[in-house]
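Shown next: start13.txt, containing compact mmCIF, C-alpha atoms and all ligand atoms.
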# COMPACT_ATOMS: atom_id res chain seq x y z
CA MET A 3 -78.02 35.06 -113.57
CA ARG A 4 -76.07 35.64 -110.44
CA TRP A 5 -74.04 38.62 -111.58
CA GLU A 6 -77.14 40.51 -112.68
CA ASN A 7 -78.19 40.79 -109.07
CA LEU A 8 -74.85 41.01 -107.30
CA THR A 9 -76.47 39.33 -104.36
CA ALA A 10 -74.94 39.48 -100.94
CA ASP A 11 -74.57 35.73 -100.62
CA THR A 12 -72.12 34.75 -97.99
CA ALA A 13 -71.62 31.18 -99.16
CA GLU A 14 -68.00 30.83 -100.24
CA GLY A 15 -68.50 30.21 -103.95
CA PRO A 16 -71.37 32.49 -104.96
CA ALA A 17 -70.22 35.50 -102.98
CA ARG A 18 -66.73 35.45 -104.42
CA ASP A 19 -67.93 34.79 -107.95
CA ALA A 20 -70.56 37.48 -107.83
CA ALA A 21 -67.94 39.91 -106.65
CA LEU A 22 -66.02 39.33 -109.86
CA PHE A 23 -68.58 40.95 -112.07
CA GLY A 24 -69.97 44.43 -112.54
CA ALA A 25 -73.76 44.74 -112.72
CA ASP A 26 -73.75 46.45 -116.12
CA ALA A 27 -70.87 44.48 -117.56
CA VAL A 28 -72.59 41.56 -119.21
CA THR A 29 -72.98 41.35 -122.98
CA THR A 30 -74.46 38.19 -124.41
CA ARG A 31 -73.43 37.01 -127.87
CA THR A 32 -73.98 34.10 -130.18
CA PHE A 33 -72.08 33.40 -133.39
CA ASP A 34 -73.71 31.67 -136.32
CA THR A 35 -70.70 29.65 -137.36
CA PRO A 36 -70.54 25.86 -137.18
CA GLU A 37 -67.85 26.04 -134.51
CA PHE A 38 -69.97 28.11 -132.14
CA ARG A 39 -73.48 27.04 -133.04
CA GLY A 40 -75.57 26.51 -129.93
CA ILE A 41 -73.08 28.30 -127.68
CA THR A 42 -73.88 31.53 -125.86
CA PHE A 43 -71.03 33.76 -124.72
CA HIS A 44 -71.47 36.04 -121.74
CA GLU A 45 -68.80 38.71 -121.99
CA ILE A 46 -68.03 40.26 -118.66
CA ARG A 47 -65.46 42.61 -117.22
CA ALA A 48 -64.00 40.86 -114.22
CA ARG A 49 -62.87 42.84 -111.21
CA SER A 50 -60.16 40.37 -110.31
CA ILE A 51 -58.33 37.76 -112.34
CA VAL A 52 -55.72 36.20 -110.06
CA ASN A 53 -57.53 33.86 -107.70
CA ARG A 54 -56.22 32.24 -104.56
CA VAL A 55 -57.09 28.55 -104.40
CA PRO A 56 -59.25 27.70 -101.40
CA GLY A 57 -57.53 24.94 -99.44
CA ALA A 58 -54.34 25.53 -101.41
CA SER A 59 -52.31 23.45 -99.00
CA ARG A 60 -53.86 20.36 -100.59
CA MET A 61 -53.19 21.53 -104.12
CA PRO A 62 -49.94 21.77 -106.06
CA PHE A 63 -50.58 25.47 -106.76
CA GLU A 64 -51.90 28.44 -104.86
CA TRP A 65 -52.80 31.00 -107.51
CA THR A 66 -54.82 30.57 -110.67
CA VAL A 67 -56.00 32.59 -113.63
CA ASN A 68 -59.15 31.45 -115.41
CA PRO A 69 -60.30 33.66 -118.28
CA TYR A 70 -63.36 31.50 -118.97
CA ARG A 71 -66.16 29.83 -117.05
CA GLY A 72 -67.89 26.82 -118.59
CA CYS A 73 -66.21 24.73 -121.27
CA SER A 74 -67.35 23.73 -124.75
CA HIS A 75 -65.04 20.71 -124.59
CA ALA A 76 -68.02 19.22 -122.79
CA CYS A 77 -66.29 16.35 -121.00
CA VAL A 78 -69.04 14.40 -119.30
CA TYR A 79 -66.97 13.86 -116.15
CA CYS A 80 -65.78 17.47 -115.76
CA PHE A 81 -65.97 18.41 -112.13
CA ALA A 82 -65.86 22.12 -112.84
CA ARG A 83 -69.53 21.63 -113.72
CA LYS A 84 -70.50 22.40 -110.18
CA THR A 85 -68.99 25.88 -110.45
CA HIS A 86 -71.61 26.86 -113.02
CA SER A 87 -74.27 26.52 -110.34
CA TYR A 88 -72.58 29.39 -108.45
CA LEU A 89 -73.68 31.61 -111.34
CA ASP A 90 -77.19 30.11 -111.39
CA LEU A 91 -76.30 28.40 -114.67
CA ASP A 92 -77.06 24.80 -115.54
CA THR A 93 -74.27 22.32 -114.75
CA GLY A 94 -75.14 19.92 -117.58
CA LEU A 95 -75.63 21.22 -121.12
CA GLY A 96 -75.44 24.76 -119.73
CA PHE A 97 -71.86 24.21 -118.63
CA ASP A 98 -71.00 23.08 -122.18
CA SER A 99 -72.80 25.91 -123.96
CA GLN A 100 -73.07 28.97 -121.66
CA ILE A 101 -69.54 30.30 -121.64
CA VAL A 102 -68.50 33.24 -119.49
CA VAL A 103 -65.67 35.24 -121.07
CA LYS A 104 -63.63 37.65 -118.94
CA VAL A 105 -62.81 39.96 -121.81
CA ASN A 106 -60.55 42.20 -119.75
CA ALA A 107 -58.44 39.31 -118.41
CA PRO A 108 -55.12 40.32 -120.09
CA ASP A 109 -55.31 43.99 -119.01
CA LEU A 110 -56.42 43.05 -115.53
CA LEU A 111 -53.63 40.51 -115.14
CA ARG A 112 -51.02 42.99 -116.30
CA ARG A 113 -52.25 45.45 -113.68
CA GLN A 114 -52.31 42.86 -110.94
CA LEU A 115 -48.82 41.60 -111.77
CA ALA A 116 -47.55 45.17 -111.51
CA SER A 117 -49.10 45.65 -108.08
CA ARG A 118 -46.72 46.02 -105.15
CA ARG A 119 -48.79 43.44 -103.32
CA TRP A 120 -47.96 40.76 -105.90
CA HIS A 121 -44.74 38.85 -105.24
CA GLY A 122 -44.34 36.84 -108.41
CA GLU A 123 -45.80 33.54 -107.24
CA HIS A 124 -46.48 30.70 -109.67
CA ILE A 125 -49.79 31.01 -111.52
CA ALA A 126 -51.61 27.92 -112.75
CA MET A 127 -53.98 28.04 -115.73
CA GLY A 128 -56.35 25.44 -117.07
CA THR A 129 -57.02 24.23 -113.55
CA ASN A 130 -60.71 25.03 -113.54
CA VAL A 131 -61.76 25.10 -117.18
CA ASP A 132 -59.72 24.85 -120.34
CA CYS A 133 -58.17 28.18 -121.32
CA TYR A 134 -57.68 26.81 -124.86
CA GLN A 135 -61.27 25.78 -125.42
CA ARG A 136 -62.92 26.84 -128.68
CA ALA A 137 -63.88 30.31 -127.42
CA GLU A 138 -60.19 31.19 -127.23
CA GLY A 139 -59.97 30.99 -131.02
CA ARG A 140 -62.29 34.01 -131.20
CA TYR A 141 -61.50 35.96 -128.03
CA ARG A 142 -57.71 35.50 -128.08
CA LEU A 143 -57.21 36.22 -124.39
CA MET A 144 -54.25 33.90 -123.85
CA PRO A 145 -51.69 35.81 -125.98
CA GLY A 146 -52.22 38.89 -123.81
CA ILE A 147 -52.08 36.80 -120.64
CA ILE A 148 -48.87 35.03 -121.63
CA ALA A 149 -47.30 38.29 -122.76
CA ALA A 150 -48.08 39.87 -119.39
CA LEU A 151 -46.54 36.89 -117.55
CA ARG A 152 -43.51 37.03 -119.83
CA ASP A 153 -43.02 40.74 -119.33
CA HIS A 154 -43.11 40.27 -115.55
CA ALA A 155 -41.01 37.07 -115.70
CA ASN A 156 -43.75 35.46 -113.65
CA PRO A 157 -43.65 31.63 -113.50
CA PHE A 158 -46.76 29.83 -114.73
CA SER A 159 -48.17 26.56 -115.92
CA ILE A 160 -50.87 25.57 -118.37
CA LEU A 161 -52.90 22.38 -118.47
CA THR A 162 -55.01 21.87 -121.57
CA LYS A 163 -56.75 19.56 -123.99
CA GLY A 164 -56.77 22.26 -126.66
CA THR A 165 -54.60 22.15 -129.76
CA LEU A 166 -55.00 25.93 -129.98
CA ILE A 167 -52.09 26.29 -127.57
CA LEU A 168 -49.76 25.86 -130.54
CA ARG A 169 -50.95 29.22 -131.87
CA ASP A 170 -49.09 30.74 -128.91
CA LEU A 171 -45.92 28.69 -129.27
CA ASP A 172 -43.66 31.68 -129.94
CA LEU A 173 -44.96 33.52 -126.90
CA LEU A 174 -44.52 30.43 -124.74
CA LYS A 175 -40.95 30.07 -125.92
CA GLN A 176 -40.25 33.72 -125.16
CA ALA A 177 -41.72 33.31 -121.68
CA SER A 178 -39.70 30.16 -121.03
CA GLU A 179 -36.53 32.14 -121.69
CA VAL A 180 -37.23 34.43 -118.73
CA THR A 181 -39.22 32.28 -116.29
CA ASP A 182 -40.39 28.75 -115.46
CA VAL A 183 -43.14 27.61 -117.81
CA GLY A 184 -44.80 24.24 -117.24
CA ILE A 185 -47.05 22.78 -119.92
CA SER A 186 -49.15 19.65 -119.56
CA VAL A 187 -51.60 18.13 -121.98
CA SER A 188 -54.38 15.92 -120.72
CA VAL A 189 -54.87 12.55 -122.43
CA GLY A 190 -56.57 9.92 -120.31
CA PHE A 191 -56.96 7.31 -123.06
CA THR A 192 -56.57 6.87 -126.79
CA ASP A 193 -59.73 4.83 -127.40
CA THR A 194 -61.56 6.87 -130.07
CA GLY A 195 -64.97 5.32 -129.36
CA LEU A 196 -64.74 6.36 -125.74
CA TRP A 197 -63.40 9.79 -126.67
CA ARG A 198 -66.31 10.57 -129.00
CA THR A 199 -68.92 9.97 -126.33
CA VAL A 200 -67.24 11.10 -123.14
CA GLU A 201 -65.19 14.10 -124.40
CA PRO A 202 -67.31 15.13 -127.40
CA GLY A 203 -66.06 18.72 -127.75
CA THR A 204 -62.33 18.05 -127.44
CA PRO A 205 -59.68 17.52 -130.09
CA ALA A 206 -58.99 13.80 -130.60
CA PRO A 207 -56.39 12.25 -128.29
CA GLU A 208 -53.95 11.82 -131.22
CA ARG A 209 -54.23 15.54 -132.01
CA ARG A 210 -53.45 16.38 -128.40
CA LEU A 211 -50.42 14.13 -128.55
CA ASP A 212 -49.39 15.97 -131.71
CA VAL A 213 -49.34 19.08 -129.53
CA VAL A 214 -46.96 17.35 -127.12
CA ARG A 215 -44.77 16.32 -130.03
CA THR A 216 -44.65 19.82 -131.49
CA LEU A 217 -43.84 21.41 -128.16
CA THR A 218 -41.04 18.97 -127.38
CA ASP A 219 -39.73 19.28 -130.94
CA HIS A 220 -39.41 23.00 -130.21
CA GLY A 221 -37.42 22.31 -127.09
CA MET A 222 -40.22 22.81 -124.57
CA ASP A 223 -40.81 20.13 -121.96
CA CYS A 224 -44.38 18.91 -121.99
CA GLY A 225 -45.89 16.37 -119.63
CA VAL A 226 -49.07 14.38 -120.02
CA LEU A 227 -51.70 14.22 -117.32
CA MET A 228 -53.17 10.80 -118.04
CA ALA A 229 -56.59 11.74 -116.81
CA PRO A 230 -59.05 10.51 -116.27
CA VAL A 231 -58.46 6.80 -116.30
CA ILE A 232 -62.09 5.69 -116.51
CA PRO A 233 -62.91 2.49 -114.61
CA PHE A 234 -64.20 -0.44 -116.70
CA LEU A 235 -64.11 1.65 -119.89
CA GLY A 236 -60.54 2.83 -120.16
CA ASP A 237 -58.61 0.77 -117.63
CA HIS A 238 -58.08 -2.55 -119.42
CA PRO A 239 -54.36 -3.42 -119.43
CA ALA A 240 -54.35 -3.27 -123.24
CA GLN A 241 -55.90 0.22 -123.16
CA LEU A 242 -53.42 1.45 -120.58
CA ARG A 243 -50.58 0.04 -122.64
CA ALA A 244 -51.83 1.65 -125.86
CA THR A 245 -52.21 4.99 -124.13
CA VAL A 246 -48.82 5.00 -122.43
CA ARG A 247 -47.15 3.80 -125.64
CA ALA A 248 -48.72 6.69 -127.56
CA ILE A 249 -47.73 9.16 -124.85
CA ALA A 250 -44.16 7.89 -124.98
CA ALA A 251 -44.09 8.18 -128.75
CA SER A 252 -45.16 11.81 -128.48
CA GLY A 253 -41.98 12.67 -126.60
CA ALA A 254 -43.76 13.60 -123.36
CA THR A 255 -41.33 14.31 -120.56
CA SER A 256 -43.57 12.85 -117.87
CA VAL A 257 -46.83 10.99 -117.39
CA THR A 258 -49.08 11.39 -114.37
CA PRO A 259 -52.05 9.03 -114.07
CA LEU A 260 -55.22 10.14 -112.32
CA VAL A 261 -58.30 7.98 -111.84
CA LEU A 262 -61.75 9.41 -112.53
CA HIS A 263 -63.36 11.14 -109.62
CA LEU A 264 -66.99 12.08 -109.46
CA ARG A 265 -67.84 15.05 -107.33
CA PRO A 266 -71.37 16.40 -106.98
CA GLY A 267 -72.31 18.21 -110.18
CA ALA A 268 -70.17 15.91 -112.31
CA ARG A 269 -71.44 12.72 -110.72
CA GLU A 270 -75.09 13.19 -111.72
CA TRP A 271 -74.16 14.13 -115.29
CA PHE A 272 -71.70 11.27 -115.66
CA MET A 273 -74.07 8.68 -114.20
CA ALA A 274 -76.85 9.77 -116.56
CA TRP A 275 -74.40 9.36 -119.44
CA LEU A 276 -73.38 5.95 -118.12
CA GLU A 277 -76.99 4.86 -117.83
CA HIS A 278 -77.53 5.85 -121.45
CA HIS A 279 -74.34 4.43 -122.99
CA HIS A 280 -73.30 1.62 -120.65
CA PRO A 281 -76.28 0.71 -118.46
CA HIS A 282 -74.70 -2.60 -117.45
CA LEU A 283 -71.97 -0.65 -115.61
CA VAL A 284 -74.20 1.46 -113.40
CA ARG A 285 -74.23 -0.96 -110.48
CA ARG A 286 -70.46 -1.46 -110.66
CA TYR A 287 -69.93 2.28 -110.53
CA GLU A 288 -72.27 2.68 -107.61
CA ARG A 289 -70.21 0.09 -105.76
CA LEU A 290 -66.82 1.52 -106.79
CA TYR A 291 -67.83 5.06 -105.81
CA ALA A 292 -69.94 4.06 -102.82
CA GLU A 293 -67.67 5.92 -100.40
CA GLY A 294 -67.85 9.25 -102.20
CA ALA A 295 -66.17 11.09 -105.05
CA TYR A 296 -63.08 8.90 -105.30
CA ALA A 297 -62.44 5.34 -106.35
CA PRO A 298 -60.98 3.22 -103.54
CA LYS A 299 -57.31 3.61 -102.74
CA TRP A 300 -56.52 0.04 -103.84
CA TYR A 301 -57.91 0.80 -107.27
CA GLN A 302 -56.03 4.08 -107.59
CA ARG A 303 -52.79 2.39 -106.51
CA ARG A 304 -53.26 -0.40 -109.01
CA ILE A 305 -53.72 2.01 -111.91
CA THR A 306 -50.79 4.14 -110.79
CA ARG A 307 -48.51 1.13 -110.53
CA GLN A 308 -49.54 -0.18 -113.94
CA VAL A 309 -48.99 3.18 -115.60
CA HIS A 310 -45.64 3.67 -113.91
CA GLU A 311 -44.46 0.23 -115.00
CA LEU A 312 -45.52 0.93 -118.56
CA ALA A 313 -43.87 4.34 -118.47
CA GLN A 314 -40.64 2.73 -117.36
CA GLU A 315 -40.95 0.15 -120.10
CA TYR A 316 -41.49 2.77 -122.78
CA GLY A 317 -38.90 5.11 -121.33
CA ILE A 318 -40.95 8.22 -120.81
CA GLY A 319 -38.76 11.05 -119.67
CA PRO A 320 -36.68 14.01 -120.77
CA LYS A 321 -34.89 13.55 -124.08
CA ARG A 322 -31.74 15.37 -123.00
CA ALA A 323 -28.69 13.16 -123.16
CA GLY A 324 -27.28 12.11 -119.82
CA MET A 325 -30.45 12.98 -117.93
CA PRO A 326 -32.32 10.26 -116.04
CA ARG A 327 -35.73 9.45 -117.36
CA ARG A 328 -38.56 10.78 -115.27
CA VAL A 329 -41.93 9.41 -114.39
CA THR A 330 -43.82 11.72 -112.08
CA GLU A 331 -45.68 10.70 -108.98
CA PRO A 332 -49.36 11.52 -109.14
CA GLU A 333 -50.38 14.72 -107.46
CA PRO A 334 -52.08 14.12 -104.12
CA VAL A 335 -55.82 14.04 -104.64
CA PRO A 336 -57.55 16.45 -102.29
CA ALA A 337 -59.64 14.73 -99.66
CA ALA A 338 -62.56 17.05 -100.27
CA ALA A 339 -63.68 19.53 -102.89
CA PRO A 340 -61.53 22.58 -102.28
CA GLY A 341 -64.04 25.03 -103.69
CA PRO A 342 -64.85 26.71 -106.95
CA THR A 343 -61.26 26.89 -108.16
CA GLN A 344 -59.94 23.41 -108.41
CA LEU A 345 -58.06 21.01 -110.59
CA THR A 346 -60.25 19.59 -113.31
CA LEU A 347 -59.52 16.52 -115.35
CA LEU A 348 -58.47 18.56 -118.29
S1 LIG A 401 -62.43 18.45 -118.18
FE1 LIG A 401 -61.31 20.24 -118.89
S2 LIG A 401 -61.52 20.21 -121.13
FE2 LIG A 401 -63.09 18.86 -120.28
S3 LIG A 401 -64.92 20.14 -120.07
FE3 LIG A 401 -63.82 20.22 -118.12
S4 LIG A 401 -62.53 22.00 -118.26
FE4 LIG A 401 -63.15 21.49 -120.33
Please express what this file holds, its structure, as C-alpha cells.
Amino acid sequence: MRWENLTADTAEGPARDAALFGADAVTTRTFDTPEFRGITFHEIRARSIVNRVPGASRMPFEWTVNPYRGCSHACVYCFARKTHSYLDLDTGLGFDSQIVVKVNAPDLLRRQLASRRWHGEHIAMGTNVDCYQRAEGRYRLMPGIIAALRDHANPFSILTKGTLILRDLDLLKQASEVTDVGISVSVGFTDTGLWRTVEPGTPAPERRLDVVRTLTDHGMDCGVLMAPVIPFLGDHPAQLRATVRAIAASGATSVTPLVLHLRPGAREWFMAWLEHHHPHLVRRYERLYAEGAYAPKWYQRRITRQVHELAQEYGIGPKRAGMPRRVTEPEPVPAAAPGPTQLTLL
C-alpha cells in the first residue's frame, strides 16, 4: 500500500496522503466478531489530522478532521470511494472493508488545536467518510476528538449516518455550551427496500431519524441532509413526501435536499450495482448523467422545489416558540471534484 513506500508522488492526492503516515506505523488487524467479519483495519499514526479542504472556496467549510479512511457503511454511491485509490486500495469492496484508522487522532488534534498557528476556525467532520461508522464502536476516537474541541472551545460540525453518535451525547452537549456545534444526520429516503441494497452497512433510515429525535429532545438542533435523492428510485412524489414527513416528525430543525452525483470512482461502482439490481434504468441514467457527475440543473431544481414545498407543508424548523420555521437552501454543489477531502453523501 501507498504508505508502506512513502513514495514521492507529486500528484495532489497521493503525495498529501502518503505524507500522513509513518513507514513503520501500520498495524493490520481483523476481529472475529459478526460486526467486523470481513473487515481489515489498518491502524496508523497520522502526522497531521486537521486538513485544509482543496478548493475550499466552493465548499461550506475549510478545515476537516477525518479519523478514518474507507467506510463500512458501504453506500454504493459514496464518492469518497475514489480517495481509497490514493492509498492503492480498491475503491469497490476494498473501500467498504479496508478501513484505515488514525489511532492517534485525538492526541494529534489536541496538539494541533493548542498550536499558535491555529486560530480556532470551524472544523467539519464526517465530510469525507463517516466518523461514526462501525469501527468507531471499537476504536472510540470521537470522544477524545470532541473533548479536545470542547476544551479549546473550537466550533465544529458533524455529519453522520451512524447511530453511535448518541454514545457521545453528553460530550456534545458540553461542547455546545462553550462553542458552536452543528449536527446533521443524512437520510436521503425512507424506502427500506432501497436502503437495504444501496446503503447495506448503515443503520436503517428510521434509526437515523431516532437519532435526530433524541438529539432535539435533548435540546440540540439537528438538521437532516436529505441525500442522496436517487433518480427514478427515490424521487417519486410519494417517496419524497414520505421522507420529508418522517424527517419533520423527527423534530429536525432543517432539511437540505441533495441529488445523487456520480463522480469517477463512485460512478463505476454505482452503475454496476444499477445493472445488477435495476438493469432497465441503465440507459436512463446514462442520459441523465451524460454531461458528467451531476444530474441536470432542471432536475436538481425540481427536486429542491418539491422538498422545500413539502418542508413548508410539514413545518420543518426550530421548535423554539416565536422563532420562524427554517428550511435551508441546499449547499452549492462544487462544479468539479475538489480533491481527496470532500463532502460525501453521508
Ligand atoms: S456515503 Fe457516508 S456513510 Fe455512506 S459509505 Fe460513504 S462515507 Fe460512509
A straight line from atom CA of A:Lys84 to atom CA of A:Arg47 spans 22.0 Å
Contact residues around stretch 282-289 of chain A with all atoms listed in the file at 12 Å, ignoring same-chain residues under 2 positions, as a VMD selection string: chain A and resid 232 to 235 262 to 264 269 to 270 272 to 280 291 to 298
Residues at most 12 Å from A:His310, counting all atoms listed in the file, excluding those fewer than 2 positions away in the same chain, as a ChimeraX atom specification? /A:228,242-243,246-247,250,256-260,303-308,312-319,327-332
Enumerate as a ChimeraX atom specification the residues within 7 Å of ligand LIG 401 (chain A), counting only C-alpha atoms and all ligand atoms. /A:73-77,79-82,130-132,135,162-163,201,204,346-348
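Each of A:Ile148, A:Leu211, A:Val55, A:Ala48 was compared to A:Phe191 using all atoms listed in the file, and A:Leu211 turns out to be the nearest.
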Which residues are close to A:Thr165, i.e. within 8 Å by all atoms listed in the file, leaving aside same-chain residues fewer than 6 positions away? Reply as a list in words.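 Selected residues are Tyr134, Pro205, Arg209, Arg210 and Val213 of chain A.
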Write out, as a PDB file, keeping the file's coordinate frame, the residues just selected, with C-alpha atoms.
ATOM      1  CA  TYR A 134     -57.680  26.810-124.860  1.00  0.00           C
ATOM      2  CA  PRO A 205     -59.680  17.520-130.090  1.00  0.00           C
ATOM      3  CA  ARG A 209     -54.230  15.540-132.010  1.00  0.00           C
ATOM      4  CA  ARG A 210     -53.450  16.380-128.400  1.00  0.00           C
ATOM      5  CA  VAL A 213     -49.340  19.080-129.530  1.00  0.00           C
TER       6      VAL A 213
END
For A:Val52, the nearest of the candidates A:Phe38, A:Trp300, A:Tyr88, A:Phe158, counting only C-alpha atoms: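 Ranked by minimum distance to A:Val52, first place goes to A:Phe158.
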What's around A:Tyr141 at 10 Å? Count only C-alpha atoms, leave out sequence neighbours fewer than 2 positions away in its own chain, and write the answer as number ranges by chain. A: 45, 103-105, 136-139, 143-144
Check the smallest atom-to-atom distance from each of A:Thr255, A:Ser186, A:Thr42, A:Thr29 to A:Ile160 using only C-alpha atoms, then report the winner.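 Of A:Thr255, A:Ser186, A:Thr42, A:Thr29, the one nearest A:Ile160, counting only C-alpha atoms, is A:Ser186.
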Go through A:Thr129, A:Ser188, A:Thr181, A:Thr216 and flag the residue nearest A:Thr66, using only C-alpha atoms for the distances. A:Thr129
Please, what distance in Å, to one decimal, runs between atom CA of A:Ile185 and atom CA of A:Gln114? 22.6 Å
Expressed in Å to a single decimal, how great is the separation between atom CA of A:Ala244 and atom CA of A:Leu196?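 Computing it gives 13.7 Å between the two atoms.
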If we count all atoms listed in the file, what is near stretch 121-125 of chain A at a cut-off of 12 Å, once residues fewer than 6 positions away on the same chain are taken out, given as number ranges by chain? A: 51-55, 62-68, 111, 114-115, 147-148, 150-161, 181-184
Here is a test: counting all atoms listed in the file, which residue of A:Gly96, A:Gly225, A:Gly146, A:Pro56 is nearest to A:Pro69? A:Gly146
Find the residue from A:Gly236, A:Gly94, A:Met222, A:Val102 that sits nearest to A:Val28; use all atoms listed in the file when measuring.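 Checking each candidate against A:Val28, we get A:Val102 as the closest.
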Reconstructed N, CA and C atoms for stretch 30-55 of chain A, given as a tab-separated table (two decimals), in the coordinates of the input:
chain	number	residue	atom	x	y	z
A	30	THR	N	-74.25	39.57	-123.97
A	30	THR	CA	-74.46	38.19	-124.41
A	30	THR	C	-74.38	38.13	-125.92
A	31	ARG	N	-73.61	37.14	-126.42
A	31	ARG	CA	-73.43	37.01	-127.87
A	31	ARG	C	-73.58	35.57	-128.30
A	32	THR	N	-74.05	35.40	-129.53
A	32	THR	CA	-73.98	34.10	-130.18
A	32	THR	C	-73.34	34.32	-131.55
A	33	PHE	N	-72.72	33.28	-132.07
A	33	PHE	CA	-72.08	33.40	-133.39
A	33	PHE	C	-72.63	32.28	-134.26
A	34	ASP	N	-73.07	32.66	-135.45
A	34	ASP	CA	-73.71	31.67	-136.32
A	34	ASP	C	-72.68	30.99	-137.22
A	35	THR	N	-71.68	30.44	-136.61
A	35	THR	CA	-70.70	29.65	-137.36
A	35	THR	C	-70.76	28.24	-136.81
A	36	PRO	N	-70.41	27.25	-137.64
A	36	PRO	CA	-70.54	25.86	-137.18
A	36	PRO	C	-69.81	25.61	-135.86
A	37	GLU	N	-68.68	26.26	-135.70
A	37	GLU	CA	-67.85	26.04	-134.51
A	37	GLU	C	-68.55	26.48	-133.22
A	38	PHE	N	-69.38	27.53	-133.35
A	38	PHE	CA	-69.97	28.11	-132.14
A	38	PHE	C	-71.49	27.97	-132.10
A	39	ARG	N	-72.03	27.18	-133.01
A	39	ARG	CA	-73.48	27.04	-133.04
A	39	ARG	C	-73.97	26.42	-131.72
A	40	GLY	N	-74.99	27.03	-131.17
A	40	GLY	CA	-75.57	26.51	-129.93
A	40	GLY	C	-74.86	27.00	-128.67
A	41	ILE	N	-73.82	27.81	-128.85
A	41	ILE	CA	-73.08	28.30	-127.68
A	41	ILE	C	-73.42	29.78	-127.47
A	42	THR	N	-73.65	30.13	-126.23
A	42	THR	CA	-73.88	31.53	-125.86
A	42	THR	C	-72.69	32.02	-125.05
A	43	PHE	N	-72.17	33.17	-125.44
A	43	PHE	CA	-71.03	33.76	-124.72
A	43	PHE	C	-71.51	34.94	-123.89
A	44	HIS	N	-71.15	34.93	-122.63
A	44	HIS	CA	-71.47	36.04	-121.74
A	44	HIS	C	-70.17	36.79	-121.49
A	45	GLU	N	-70.04	37.93	-122.14
A	45	GLU	CA	-68.80	38.71	-121.99
A	45	GLU	C	-68.92	39.59	-120.76
A	46	ILE	N	-67.98	39.46	-119.88
A	46	ILE	CA	-68.03	40.26	-118.66
A	46	ILE	C	-66.68	40.92	-118.43
A	47	ARG	N	-66.71	41.97	-117.65
A	47	ARG	CA	-65.46	42.61	-117.22
A	47	ARG	C	-65.25	42.22	-115.77
A	48	ALA	N	-64.27	41.35	-115.57
A	48	ALA	CA	-64.00	40.86	-114.22
A	48	ALA	C	-63.34	41.96	-113.40
A	49	ARG	N	-63.53	41.88	-112.10
A	49	ARG	CA	-62.87	42.84	-111.21
A	49	ARG	C	-61.54	42.31	-110.70
A	50	SER	N	-61.39	41.00	-110.79
A	50	SER	CA	-60.16	40.37	-110.31
A	50	SER	C	-59.89	39.17	-111.20
A	51	ILE	N	-58.62	38.89	-111.45
A	51	ILE	CA	-58.33	37.76	-112.34
A	51	ILE	C	-57.38	36.75	-111.71
A	52	VAL	N	-56.60	37.16	-110.75
A	52	VAL	CA	-55.72	36.20	-110.06
A	52	VAL	C	-56.45	35.72	-108.82
A	53	ASN	N	-56.74	34.43	-108.79
A	53	ASN	CA	-57.53	33.86	-107.70
A	53	ASN	C	-56.68	33.00	-106.79
A	54	ARG	N	-56.90	33.12	-105.50
A	54	ARG	CA	-56.22	32.24	-104.56
A	54	ARG	C	-57.05	30.96	-104.44
A	55	VAL	N	-56.38	29.82	-104.46
A	55	VAL	CA	-57.09	28.55	-104.40
A	55	VAL	C	-57.53	28.28	-102.97
